[in-house]
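Heads up, the thing below is written out as structure tokens.
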Amino acid sequence: MSRFFIEIKYDGTNYHGWQIQDNAISVQEEINKAFSTILQEKIEVVGAGRTDTGVHAQQLFAHFEIEKDFEIEKTIFKINKFLPDDISCTTITKVNNEAHARFSATARTYEYWITPNKNPFLQNKAYYLPYSINLDLMNEATKELLVHTDFSCFSRSKTDTFTNDCDITFANWEQKNDCYVFTISANRFLRNMVRAIVGTLLEIGQQKIEVAELANIIASKSRAQAGTSAPAHGLYLTKVNYPKEVFNG
């Protein structure tokens, strides 16, 4: 039995998130169907994490196991012919049998995109927010994220996690052409965490709350104290990091 990592990209607009669920189409379901059909063996992939309904991924890894040999490049071509147009498989890499797409990952990076101008080409790709926001204030507030680890205030309630601790290593807002882009990296993220952080920072950027209030919000550990979650369609999983030894298959 051999284990492989696959690297995929997808536009999450038409999917109820990554994870398979009853009565709703998911990215994981489409990936399983494609690989099972092309490789003619039941394949069930395990993803690096879950994205919610409408969230996109520029890079997400998943792993699967298979007994027989197959030609990687030919399989990638066939998989992409089979997959819907809004999902693609970029690479397939043989890894060691202990490598795990979720638990071996050391860091994940997300971007959140906001457009202040109505743009039909960014529909479902960026959050249209036609109000003035102060990036300097929001970047001042992001420094507070780097000195805390318990982010219960940004977590969806009733999750199955054992801890709400996360190590955020980078958080920054910048302007890219006509968009405002928030980039954040951490060893792990809680359900809904990035969107809740963005929503809270936007309240600071619109001067609805003070920068200093963010520390109190985090200390409260209460989701009710933080801002409203930003819409899902502006969020992208952009990078998942692994130790080099994972790919020594």
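Just so we're on the same page: first chain in the structure tokens is A, next is B, and so on; residues restart at 1 for each chain, and ligands are numbered from 1 in the order they show up.
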Considering only C-alpha atoms, return as a PyMOL selection string whatever protein or nucleic-acid residues lie within 12 Å of Ala99 (chain A), sequence-local ones (same chain, fewer than 3 positions apart) excluded. chain A and resi 2-5+46+48+61-65+93-96+102-105+242-249
Report as a PyMOL selection string all protein, DNA and RNA residues lying within 9 Å of Lys239 (chain A), evaluated on only C-alpha atoms, omitting residues in the same chain fewer than 3 positions from it. chain A and resi 57-60+107-110+185
Could you take the residues named above and write them with N, CA, C and O atoms, as an mmCIF file, in the first residue's frame?
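Result file is out-v1.cif:
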```cif
data_model
loop_
_atom_site.group_PDB
_atom_site.id
_atom_site.type_symbol
_atom_site.label_atom_id
_atom_site.label_comp_id
_atom_site.auth_asym_id
_atom_site.auth_seq_id
_atom_site.Cartn_x
_atom_site.Cartn_y
_atom_site.Cartn_z
ATOM 1 N N ALA A 57 -9.767 27.742 -2.473
ATOM 2 C CA ALA A 57 -8.426 27.254 -2.138
ATOM 3 C C ALA A 57 -7.511 27.400 -3.340
ATOM 4 O O ALA A 57 -7.811 26.877 -4.414
ATOM 5 N N GLN A 58 -6.429 28.126 -3.152
ATOM 6 C CA GLN A 58 -5.394 28.208 -4.186
ATOM 7 C C GLN A 58 -4.376 27.086 -4.006
ATOM 8 O O GLN A 58 -3.663 26.734 -4.948
ATOM 9 N N GLN A 59 -4.329 26.543 -2.795
ATOM 10 C CA GLN A 59 -3.498 25.364 -2.551
ATOM 11 C C GLN A 59 -4.064 24.597 -1.352
ATOM 12 O O GLN A 59 -4.172 25.142 -0.257
ATOM 13 N N LEU A 60 -4.454 23.366 -1.592
ATOM 14 C CA LEU A 60 -4.859 22.480 -0.509
ATOM 15 C C LEU A 60 -4.320 21.100 -0.823
ATOM 16 O O LEU A 60 -4.364 20.666 -1.978
ATOM 17 N N ALA A 107 2.083 24.646 8.976
ATOM 18 C CA ALA A 107 1.541 26.002 8.888
ATOM 19 C C ALA A 107 0.540 26.077 7.745
ATOM 20 O O ALA A 107 0.599 25.298 6.783
ATOM 21 N N ARG A 108 -0.363 27.030 7.877
ATOM 22 C CA ARG A 108 -1.358 27.309 6.835
ATOM 23 C C ARG A 108 -1.459 28.814 6.664
ATOM 24 O O ARG A 108 -1.351 29.554 7.642
ATOM 25 N N THR A 109 -1.683 29.248 5.445
ATOM 26 C CA THR A 109 -1.823 30.677 5.159
ATOM 27 C C THR A 109 -3.134 30.932 4.418
ATOM 28 O O THR A 109 -3.481 30.200 3.490
ATOM 29 N N TYR A 110 -3.834 31.969 4.868
ATOM 30 C CA TYR A 110 -5.070 32.401 4.220
ATOM 31 C C TYR A 110 -4.929 33.834 3.747
ATOM 32 O O TYR A 110 -4.181 34.624 4.327
ATOM 33 N N SER A 185 -0.985 33.835 8.684
ATOM 34 C CA SER A 185 -0.392 32.495 8.766
ATOM 35 C C SER A 185 -0.374 32.026 10.212
ATOM 36 O O SER A 185 -0.143 32.823 11.133
#
```
Selection: 10 Å around region 207-219 of chain A, only C-alpha atoms, excl. self and same-chain fewer than 3 positions, as a PyMOL selection string: chain A and resi 132-134+137-142+144-145+147-154+197+200-204+222-227
Report, in Å to a single decimal, how far apart CA of Trp18 (chain A) and CA of Glu98 (chain A) are. 22.9 Å
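With only C-alpha atoms as the atoms that count, the residue of A:Pro116, A:Pro84, A:Gly49, A:Gly54 with the shortest distance to His100 (chain A) is A:Gly49.
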